[in-house]
$ cat work-v2.tsv   # TSV, C-alpha atoms and all ligand atoms
chain	number	residue	atom	x	y	z
A	1011	MET	CA	49.05	10.40	-69.69
A	1012	SER	CA	48.39	6.69	-70.22
A	1013	HIS	CA	52.14	5.98	-70.58
A	1014	ILE	CA	52.68	6.89	-66.91
A	1015	SER	CA	49.38	5.60	-65.53
A	1016	HIS	CA	51.16	2.65	-63.89
A	1017	LEU	CA	53.17	5.15	-61.84
A	1018	LEU	CA	50.12	6.97	-60.49
A	1019	SER	CA	48.18	6.23	-57.33
A	1020	GLN	CA	44.94	4.35	-57.91
A	1021	SER	CA	43.46	5.65	-54.67
A	1022	GLY	CA	39.83	6.49	-55.13
A	1023	ASN	CA	39.22	3.42	-57.28
A	1024	PHE	CA	37.36	0.44	-55.83
A	1025	ALA	CA	39.84	-2.40	-55.16
A	1026	GLY	CA	42.62	0.00	-56.18
A	1027	LEU	CA	42.09	-1.04	-59.78
A	1028	PRO	CA	44.34	0.62	-62.36
A	1029	PRO	CA	43.40	1.36	-65.97
A	1030	PRO	CA	42.19	-0.24	-68.15
A	1031	TYR	CA	40.12	-2.11	-65.51
A	1032	SER	CA	38.91	1.16	-63.99
A	1033	ASP	CA	38.10	3.06	-67.20
A	1034	TYR	CA	34.50	4.19	-67.50
A	1035	GLN	CA	33.96	3.38	-71.14
A	1036	SER	CA	35.14	-0.21	-70.99
A	1037	SER	CA	33.84	-1.07	-67.50
A	1038	ARG	CA	30.59	-3.02	-67.07
A	1039	VAL	CA	30.43	-2.11	-63.36
A	1040	ALA	CA	30.02	1.43	-62.04
A	1041	VAL	CA	30.55	2.01	-58.32
A	1042	LEU	CA	28.37	4.93	-57.26
A	1043	PRO	CA	29.10	6.45	-53.81
A	1044	VAL	CA	26.20	8.27	-52.13
A	1045	PRO	CA	27.50	9.91	-48.94
A	1046	TYR	CA	24.10	10.91	-47.53
A	1047	ASP	CA	22.64	10.49	-44.04
A	1048	GLY	CA	20.04	13.23	-43.81
A	1049	THR	CA	17.34	11.23	-41.99
A	1050	THR	CA	19.27	8.94	-39.63
A	1051	GLU	CA	18.13	9.32	-36.03
A	1052	TRP	CA	20.45	7.32	-33.73
A	1053	HIS	CA	24.08	7.07	-34.85
A	1054	SER	CA	24.65	9.41	-37.75
A	1055	GLY	CA	27.78	9.06	-39.85
A	1056	THR	CA	26.74	6.76	-42.69
A	1057	ARG	CA	27.78	9.63	-44.96
A	1058	ASN	CA	31.32	8.37	-44.28
A	1059	GLY	CA	30.41	4.85	-45.39
A	1060	PRO	CA	31.24	5.03	-49.11
A	1061	ARG	CA	34.71	6.46	-48.56
A	1062	ALA	CA	35.47	3.89	-45.83
A	1063	ILE	CA	34.35	0.98	-48.04
A	1064	ILE	CA	36.43	2.18	-50.99
A	1065	GLU	CA	39.53	2.75	-48.82
A	1066	ALA	CA	39.16	-0.74	-47.28
A	1067	SER	CA	38.70	-2.23	-50.75
A	1068	TYR	CA	42.31	-1.35	-51.66
A	1069	TYR	CA	43.30	-4.33	-49.49
A	1070	LEU	CA	41.06	-6.86	-51.23
A	1071	GLU	CA	42.78	-9.66	-53.11
A	1072	TRP	CA	41.59	-9.43	-56.70
A	1073	TYR	CA	41.73	-13.24	-56.86
A	1074	ASP	CA	38.65	-14.98	-55.41
A	1075	ILE	CA	39.33	-18.48	-54.05
A	1076	GLU	CA	35.75	-19.67	-54.40
A	1077	LEU	CA	35.34	-18.61	-58.03
A	1078	GLY	CA	38.95	-19.39	-58.91
A	1079	LYS	CA	39.64	-16.18	-60.80
A	1080	GLU	CA	40.32	-12.49	-60.56
A	1081	LEU	CA	36.92	-10.85	-60.66
A	1082	HIS	CA	37.65	-7.46	-62.17
A	1083	SER	CA	37.96	-8.58	-65.78
A	1084	MET	CA	34.59	-6.97	-66.60
A	1085	GLY	CA	35.96	-3.61	-65.46
A	1086	ILE	CA	34.95	-1.70	-62.32
A	1087	HIS	CA	34.83	2.07	-62.61
A	1088	THR	CA	34.51	4.18	-59.47
A	1089	LEU	CA	32.55	7.41	-59.82
A	1090	PRO	CA	32.89	10.49	-57.65
A	1091	GLY	CA	30.20	10.61	-54.97
A	1092	ILE	CA	26.80	12.13	-55.61
A	1093	GLU	CA	26.69	15.57	-54.09
A	1094	PRO	CA	24.21	15.38	-51.19
A	1095	VAL	CA	21.17	17.65	-51.23
A	1096	MET	CA	19.91	18.28	-47.71
A	1097	ALA	CA	16.57	19.86	-48.64
A	1098	SER	CA	14.74	16.55	-48.19
A	1099	PRO	CA	15.26	12.80	-48.69
A	1100	GLU	CA	12.77	13.03	-51.55
A	1101	ALA	CA	14.98	15.56	-53.33
A	1102	MET	CA	18.02	13.38	-52.65
A	1103	ASN	CA	16.24	10.40	-54.16
A	1104	GLU	CA	15.43	12.36	-57.29
A	1105	ARG	CA	19.14	13.01	-57.63
A	1106	VAL	CA	19.96	9.31	-57.12
A	1107	TYR	CA	17.27	8.36	-59.64
A	1108	SER	CA	18.74	10.66	-62.31
A	1109	ALA	CA	22.26	9.37	-61.76
A	1110	VAL	CA	21.25	5.70	-61.83
A	1111	LYS	CA	19.03	6.20	-64.86
A	1112	SER	CA	21.89	7.80	-66.74
A	1113	LEU	CA	24.27	4.96	-65.83
A	1114	LEU	CA	21.67	2.38	-66.89
A	1115	ASP	CA	21.37	4.18	-70.22
A	1116	ASP	CA	25.10	3.46	-70.58
A	1117	ASP	CA	24.37	-0.21	-69.80
A	1118	LYS	CA	26.28	-0.23	-66.51
A	1119	PHE	CA	25.81	-2.68	-63.64
A	1120	ILE	CA	25.58	-0.31	-60.69
A	1121	VAL	CA	27.04	-0.91	-57.25
A	1122	MET	CA	25.68	1.91	-55.10
A	1123	LEU	CA	27.44	2.52	-51.78
A	1124	GLY	CA	25.57	4.36	-49.00
A	1125	GLY	CA	24.87	6.28	-47.11
A	1126	GLU	CA	21.62	5.61	-45.34
A	1127	HIS	CA	19.00	3.23	-46.67
A	1128	SER	CA	16.61	5.91	-47.96
A	1129	ILE	CA	18.75	6.32	-51.11
A	1130	SER	CA	17.76	2.87	-52.39
A	1131	TYR	CA	14.38	4.16	-53.53
A	1132	GLY	CA	15.77	6.31	-56.35
A	1133	SER	CA	17.89	3.43	-57.61
A	1134	ILE	CA	15.06	0.87	-57.41
A	1135	LYS	CA	12.78	3.25	-59.30
A	1136	ALA	CA	15.28	3.68	-62.14
A	1137	TYR	CA	16.00	-0.06	-62.31
A	1138	SER	CA	12.29	-0.97	-62.33
A	1139	GLN	CA	11.81	1.20	-65.41
A	1140	LYS	CA	14.60	-0.55	-67.30
A	1141	TYR	CA	13.98	-4.20	-66.41
A	1142	PRO	CA	10.72	-6.13	-66.93
A	1143	ASP	CA	9.96	-9.07	-64.64
A	1144	PHE	CA	11.75	-7.27	-61.85
A	1145	SER	CA	11.81	-7.58	-58.07
A	1146	VAL	CA	13.93	-6.52	-55.11
A	1147	LEU	CA	15.72	-8.71	-52.58
A	1148	GLN	CA	16.16	-6.75	-49.35
A	1149	LEU	CA	18.58	-8.02	-46.69
A	1150	ASP	CA	17.87	-6.04	-43.55
A	1151	ALA	CA	17.22	-6.35	-39.82
A	1152	HIS	CA	14.28	-3.98	-40.19
A	1153	THR	CA	11.31	-4.03	-42.54
A	1154	ASP	CA	11.52	-0.27	-43.30
A	1155	LEU	CA	7.78	-0.36	-44.06
A	1156	ARG	CA	6.56	2.70	-42.21
A	1157	ASP	CA	4.32	4.91	-44.30
A	1158	GLN	CA	5.79	8.01	-42.71
A	1159	TYR	CA	8.51	8.59	-40.15
A	1160	LEU	CA	9.99	11.71	-38.58
A	1161	GLY	CA	7.89	13.87	-40.84
A	1162	THR	CA	8.85	12.34	-44.18
A	1163	ARG	CA	7.60	9.51	-46.41
A	1164	PHE	CA	11.08	9.05	-47.93
A	1165	GLY	CA	13.28	8.43	-44.88
A	1166	HIS	CA	15.22	5.25	-44.16
A	1167	GLY	CA	12.34	3.78	-42.12
A	1168	CYS	CA	9.95	4.11	-45.10
A	1169	VAL	CA	12.15	3.09	-48.00
A	1170	MET	CA	10.67	-0.37	-48.61
A	1171	ARG	CA	7.10	0.90	-48.25
A	1172	ARG	CA	7.85	3.22	-51.17
A	1173	ALA	CA	9.64	0.46	-53.08
A	1174	LEU	CA	6.62	-1.83	-52.69
A	1175	GLU	CA	4.55	0.75	-54.52
A	1176	ILE	CA	6.79	0.07	-57.53
A	1177	CYS	CA	7.64	-3.64	-57.50
A	1178	PRO	CA	7.59	-6.84	-55.42
A	1179	VAL	CA	10.06	-6.97	-52.51
A	1180	THR	CA	11.36	-10.08	-50.71
A	1181	GLN	CA	12.57	-9.22	-47.21
A	1182	VAL	CA	15.17	-11.43	-45.51
A	1183	GLY	CA	16.85	-11.21	-42.12
A	1184	ILE	CA	14.08	-9.26	-40.41
A	1185	ARG	CA	14.11	-9.23	-36.63
A	1186	SER	CA	12.58	-5.89	-35.66
A	1187	MET	CA	9.43	-4.06	-36.70
A	1188	SER	CA	6.70	-1.83	-35.33
A	1189	LEU	CA	3.06	-2.80	-34.78
A	1190	GLU	CA	2.10	-0.54	-37.70
A	1191	GLU	CA	4.49	-2.45	-39.94
A	1192	GLN	CA	3.19	-5.84	-38.74
A	1193	GLU	CA	-0.39	-4.74	-39.47
A	1194	PHE	CA	0.66	-3.57	-42.94
A	1195	ILE	CA	2.33	-6.95	-43.55
A	1196	GLU	CA	-0.80	-8.81	-42.43
A	1197	SER	CA	-3.25	-6.75	-44.43
A	1198	ASN	CA	-1.14	-6.96	-47.61
A	1199	ARG	CA	-0.36	-10.68	-47.23
A	1200	LEU	CA	3.38	-10.07	-47.27
A	1201	SER	CA	5.69	-12.82	-46.02
A	1202	PRO	CA	9.03	-11.49	-44.81
A	1203	PHE	CA	11.69	-14.05	-43.95
A	1204	ILE	CA	12.37	-13.55	-40.28
A	1205	VAL	CA	15.48	-14.71	-38.43
A	1206	GLU	CA	14.69	-17.18	-35.68
A	1207	HIS	CA	17.48	-19.30	-34.30
A	1208	ASP	CA	15.48	-21.93	-32.45
A	1209	SER	CA	12.89	-23.37	-34.81
A	1210	VAL	CA	12.88	-25.32	-38.05
A	1211	GLY	CA	13.77	-23.10	-40.96
A	1212	LEU	CA	13.14	-22.85	-44.66
A	1213	SER	CA	15.78	-23.39	-47.29
A	1214	TYR	CA	17.18	-20.63	-49.44
A	1215	SER	CA	15.22	-22.00	-52.38
A	1216	ASP	CA	12.04	-20.58	-50.82
A	1217	ILE	CA	13.61	-17.16	-50.99
A	1218	VAL	CA	14.85	-17.67	-54.56
A	1219	ASP	CA	11.41	-18.90	-55.65
A	1220	SER	CA	9.82	-15.68	-54.40
A	1221	LEU	CA	11.97	-13.55	-56.73
A	1222	SER	CA	11.33	-12.41	-60.31
A	1223	ASN	CA	13.87	-13.15	-63.04
A	1224	ASN	CA	15.63	-9.78	-62.77
A	1225	VAL	CA	16.68	-9.04	-59.20
A	1226	TYR	CA	18.01	-5.89	-57.57
A	1227	VAL	CA	19.63	-6.57	-54.21
A	1228	THR	CA	19.56	-3.96	-51.46
A	1229	ILE	CA	21.77	-4.88	-48.51
A	1230	ASP	CA	21.34	-2.99	-45.26
A	1231	LEU	CA	24.50	-4.10	-43.45
A	1232	ASP	CA	22.55	-4.41	-40.19
A	1233	VAL	CA	21.26	-7.71	-41.60
A	1234	LEU	CA	24.58	-9.10	-40.36
A	1235	ASP	CA	24.98	-9.91	-36.70
A	1236	PRO	CA	26.54	-7.02	-34.73
A	1237	SER	CA	29.32	-9.40	-33.63
A	1238	ILE	CA	30.75	-9.09	-37.15
A	1239	MET	CA	29.07	-5.81	-38.18
A	1240	ALA	CA	28.93	-3.37	-35.29
A	1241	ALA	CA	29.45	-0.37	-37.57
A	1242	VAL	CA	25.84	0.39	-38.47
A	1243	GLY	CA	23.43	3.12	-37.47
A	1244	THR	CA	20.89	0.78	-35.83
A	1245	PRO	CA	22.51	-2.51	-34.74
A	1246	GLU	CA	20.14	-5.37	-33.93
A	1247	PRO	CA	21.28	-8.60	-32.22
A	1248	GLY	CA	20.65	-12.05	-33.67
A	1249	GLY	CA	21.58	-11.34	-37.27
A	1250	MET	CA	22.77	-13.45	-40.16
A	1251	GLY	CA	26.35	-14.65	-40.35
A	1252	TRP	CA	28.85	-14.02	-43.13
A	1253	SER	CA	28.49	-17.47	-44.64
A	1254	ASP	CA	24.67	-17.32	-44.34
A	1255	VAL	CA	24.57	-14.17	-46.45
A	1256	LEU	CA	27.04	-15.51	-49.02
A	1257	SER	CA	25.12	-18.80	-49.32
A	1258	LEU	CA	21.91	-16.94	-49.97
A	1259	LEU	CA	23.43	-14.58	-52.54
A	1260	ARG	CA	25.16	-17.48	-54.28
A	1261	ALA	CA	21.82	-19.31	-54.49
A	1262	VAL	CA	20.06	-16.24	-55.89
A	1263	ALA	CA	22.76	-15.55	-58.46
A	1264	GLY	CA	22.62	-19.17	-59.61
A	1265	LYS	CA	18.91	-19.05	-60.41
A	1266	ARG	CA	18.15	-15.41	-61.15
A	1267	LYS	CA	19.82	-12.48	-62.93
A	1268	ILE	CA	21.16	-9.98	-60.43
A	1269	VAL	CA	21.09	-6.67	-62.32
A	1270	GLY	CA	22.58	-4.38	-59.69
A	1271	PHE	CA	22.81	-3.83	-55.96
A	1272	ASP	CA	23.39	-1.39	-53.17
A	1273	LEU	CA	25.19	-1.69	-49.85
A	1274	VAL	CA	23.97	0.80	-47.27
A	1275	GLU	CA	24.11	1.90	-43.63
A	1276	LEU	CA	27.83	1.42	-42.93
A	1277	CYS	CA	28.63	3.82	-40.09
A	1278	PRO	CA	32.43	3.51	-39.80
A	1279	ASP	CA	32.76	5.36	-36.48
A	1280	GLN	CA	30.64	2.75	-34.69
A	1281	GLY	CA	32.87	-0.27	-35.17
A	1282	PRO	CA	36.33	-1.66	-35.91
A	1283	ALA	CA	38.04	-1.34	-39.28
A	1284	SER	CA	37.17	-4.95	-40.00
A	1285	CYS	CA	33.57	-3.81	-40.63
A	1286	CYS	CA	34.69	-1.60	-43.52
A	1287	PHE	CA	36.68	-4.47	-45.01
A	1288	THR	CA	33.74	-6.87	-44.52
A	1289	ALA	CA	31.51	-4.45	-46.42
A	1290	ALA	CA	34.08	-4.06	-49.22
A	1291	LYS	CA	34.52	-7.83	-49.51
A	1292	LEU	CA	30.76	-8.38	-49.58
A	1293	ALA	CA	30.49	-5.93	-52.49
A	1294	TYR	CA	33.32	-7.68	-54.35
A	1295	LYS	CA	31.85	-11.15	-53.70
A	1296	LEU	CA	28.44	-10.06	-54.96
A	1297	ILE	CA	29.97	-8.57	-58.11
A	1298	GLY	CA	31.63	-11.96	-58.63
A	1299	TYR	CA	28.42	-13.92	-58.08
A	1300	SER	CA	26.49	-11.57	-60.37
A	1301	PHE	CA	28.89	-12.03	-63.29
A	1302	PHE	CA	30.26	-15.53	-62.77
A	1303	ALA	CA	27.43	-17.46	-61.12
A	1304	GLY	CA	27.75	-21.15	-61.68
A	1305	GLU	CA	31.45	-21.00	-62.50
A	1306	ARG	CA	32.81	-22.66	-59.40
A	1307	PRO	CA	36.14	-24.49	-59.44
A	1308	VAL	CA	36.18	-27.99	-58.06
A	1309	ASN	CA	39.84	-28.31	-57.21
A	1310	HIS	CA	39.63	-26.91	-53.68
A	1311	GLN	CA	39.01	-28.78	-50.50
A	1312	VAL	CA	36.19	-26.82	-48.97
A	1313	ILE	CA	35.76	-26.54	-45.23
A	1314	THR	CA	32.06	-26.86	-44.55
A	1315	GLN	CA	30.27	-25.88	-41.39
A	1316	ASP	CA	30.02	-28.50	-38.65
A	1317	ALA	CA	26.79	-30.37	-39.27
A	1318	LYS	CA	25.94	-30.09	-35.58
A	1319	VAL	CA	25.78	-26.31	-35.77
A	1320	PRO	CA	22.09	-25.40	-35.95
A	1321	PRO	CA	21.10	-23.94	-39.31
A	1322	LEU	CA	20.03	-20.37	-39.68
A	1323	ILE	CA	16.36	-20.35	-38.97
A	1324	ILE	CA	13.95	-18.33	-40.98
A	1325	ASN	CA	10.25	-18.50	-41.48
A	1326	THR	CA	7.39	-16.41	-42.70
A	1327	PRO	CA	4.63	-15.36	-40.32
A	1328	ASN	CA	1.89	-15.54	-42.90
A	1329	GLN	CA	2.74	-19.08	-43.95
A	1330	ARG	CA	2.72	-20.65	-40.48
A	1331	ASP	CA	-0.86	-21.89	-40.65
B	1	MN	MN	17.13	-0.71	-43.72
$ encode --input "work-v2.tsv" --output "C-alpha cells" --more "lines below"
Ligand SMILES: [Mn+2]
Amino acid sequence: MSHISHLLSQSGNFAGLPPPYSDYQSSRVAVLPVPYDGTTEWHSGTRNGPRAIIEASYYLEWYDIELGKELHSMGIHTLPGIEPVMASPEAMNERVYSAVKSLLDDDKFIVMLGGEHSISYGSIKAYSQKYPDFSVLQLDAHTDLRDQYLGTRFGHGCVMRRALEICPVTQVGIRSMSLEEQEFIESNRLSPFIVEHDSVGLSYSDIVDSLSNNVYVTIDLDVLDPSIMAAVGTPEPGGMGWSDVLSLLRAVAGKRKIVGFDLVELCPDQGPASCCFTAAKLAYKLIGYSFFAGERPVNHQVITQDAKVPPLIINTPNQRD
C-alpha cells in the first residue's frame, strides 16, 4: 500500500504527518491518547481532549520559526487511544502504566494526551523505573496533593501526592490549594513555585536547579491563564502566559534531559477552538525543545517583551524566611 500512501488521508496522525514520519518502527516519538475523565467533578469532558488536540494539530506548521527547522524529522507516531476502564482511576492507571512501560521498552519518547490529570501517575511510575536520577516538573494551577478525594486515592486531586511517593516533584504555577495540602507542604518541607503577580520573583534557573537530570514534564493546561486557556475542567484566574511557559520549558530543556511529557485536562467544550490549537502547539514546541534544545538560529529579529511589563512573579512559601 506504500505506493499510494501519499494519496491517503493522514487524519488521525499528530500534525497530519504522512509516512515515513508517522511510522511506528522508525519514530522516536509516540503520541499516546488517553480519553479518560472518570473522576472529574466540575466540567467533565476531558475525555474529548486527545481527539481535539490531534485534530487541531493538523493545522500546525511543521516548520518552527524559533528552532529554524521542521521538527518531525525524528518521527512522530500517533497511537490509537487507550481504551478507558471505568472501574476505578487506580485500574485506569494500571492500564496507562502497562502501555507506557511497553512503549519505553521500545525506546519511545512518549507524549501522552489526556484526559484528566489522574492518568499521569501510571506514566510517571513507568518512567521512574526506567530512568535513574529522575524527577517530575509539574505545571499546574493546583497542587493535586490531597491524600484522598471523592473516595479515591488515585483521582486528579491526588495525583501528585501519589507521584511524590515515587520521585521528587517540582510544582510551578500553583495558585490554589486546600488547607490540608498547605499543611502537607509545610510538614514535608516542599517548596512549590506559586504565581504572584505583584512581588519580586525568582528566575527560571531556580526551577531548573530543583530538577534531576532526567525530567518528565506533566502539564495541566490550567497552569495557563484562562484568558488564553478557558477550555479546562477547573479554570483558575491569574495563570502563566504562553511566553512564560515556553521560556520555562526552553530553560529546562537547555539544562536537563526531558525524557517525556503529558498534556492533560483539555476540556474542548469549555472554550474556543483556539484552546485546542494552543494545546497542540504547546505539545509540538515541547517535542522540539526536547530534541533540539540549544539549536537556536540567530538570523531572526526577535520581538522581546516590553521591559516595562512586570515579570511573572513566583516564589516559594518555605523559602521566604
Ligand atoms: Mn492538575
$ atom_distance --input "work-v2.tsv" --atom1 "CA of Met1096 in chain A" --atom2 "CA of Leu1160 in chain A"
15.0 Å
$ atom_distance --input "work-v2.tsv" --atom1 "CA of Val1106 in chain A" --atom2 "CA of Gln1020 in chain A"
25.5 Å
$ atom_distance --input "work-v2.tsv" --atom1 "CA of Trp1072 in chain A" --atom2 "CA of Tyr1294 in chain A"
8.8 Å
$ residues_near_point --input "work-v2.tsv" --point "(10.6, 0.1, -47.9)" --cutoff "8 Å" --atoms "only C-alpha atoms" --output "number ranges by chain"
A: 1131, 1153-1156, 1166-1174
$ write_last_selection --input "work-v2.tsv" --atoms "C-alpha atoms" --output "tab-separated table (two decimals), keeping the file's coordinate frame"
chain	number	residue	atom	x	y	z
A	1131	TYR	CA	14.38	4.16	-53.53
A	1153	THR	CA	11.31	-4.03	-42.54
A	1154	ASP	CA	11.52	-0.27	-43.30
A	1155	LEU	CA	7.78	-0.36	-44.06
A	1156	ARG	CA	6.56	2.70	-42.21
A	1166	HIS	CA	15.22	5.25	-44.16
A	1167	GLY	CA	12.34	3.78	-42.12
A	1168	CYS	CA	9.95	4.11	-45.10
A	1169	VAL	CA	12.15	3.09	-48.00
A	1170	MET	CA	10.67	-0.37	-48.61
A	1171	ARG	CA	7.10	0.90	-48.25
A	1172	ARG	CA	7.85	3.22	-51.17
A	1173	ALA	CA	9.64	0.46	-53.08
A	1174	LEU	CA	6.62	-1.83	-52.69
$ residues_around --input "work-v2.tsv" --residues "Ser1021 in chain A" --least-positions-apart "2" --cutoff "8 Å" --atoms "all atoms listed in the file" --output "PyMOL selection string"
chain A and resi 1019+1023+1026+1065+1068
$ residues_around --input "work-v2.tsv" --residues "range 1027-1039 of chain A" --least-positions-apart "2" --cutoff "9 Å" --atoms "only C-alpha atoms" --output "MDAnalysis selection string"
chainID A and resid 1012 1015:1016 1018:1021 1023:1025 1041 1068 1072 1082:1089 1116:1121 1270 1297
$ residues_near_ligand --input "work-v2.tsv" --ligand "ligand MN 1 (chain B)" --cutoff "12 Å" --atoms "only C-alpha atoms and all ligand atoms" --output "MDAnalysis selection string"
chainID A and resid 1050 1124:1131 1148:1156 1165:1171 1181:1187 1228:1234 1242:1246 1272:1276
$ closest_residue --input "work-v2.tsv" --among "A:Ala1240, A:Thr1049, A:Val1179, A:Ser1098" --to "Tyr1159 in chain A" --atoms "only C-alpha atoms"
A:Thr1049
$ residues_near_point --input "work-v2.tsv" --point "(18.6, 6.1, -69.7)" --cutoff "7 Å" --atoms "only C-alpha atoms" --output "list of chain:residue names"
A:Lys1111, A:Ser1112, A:Leu1113, A:Leu1114, A:Asp1115
$ closest_residue --input "work-v2.tsv" --among "A:Val1146, A:Ile1063, A:Leu1200, A:Leu1189" --to "Cys1177 in chain A" --atoms "all atoms listed in the file"
A:Val1146
$ closest_residue --input "work-v2.tsv" --among "A:Leu1258, A:Val1205, A:Leu1042, A:Ala1290" --to "Met1122 in chain A" --atoms "only C-alpha atoms"
A:Leu1042
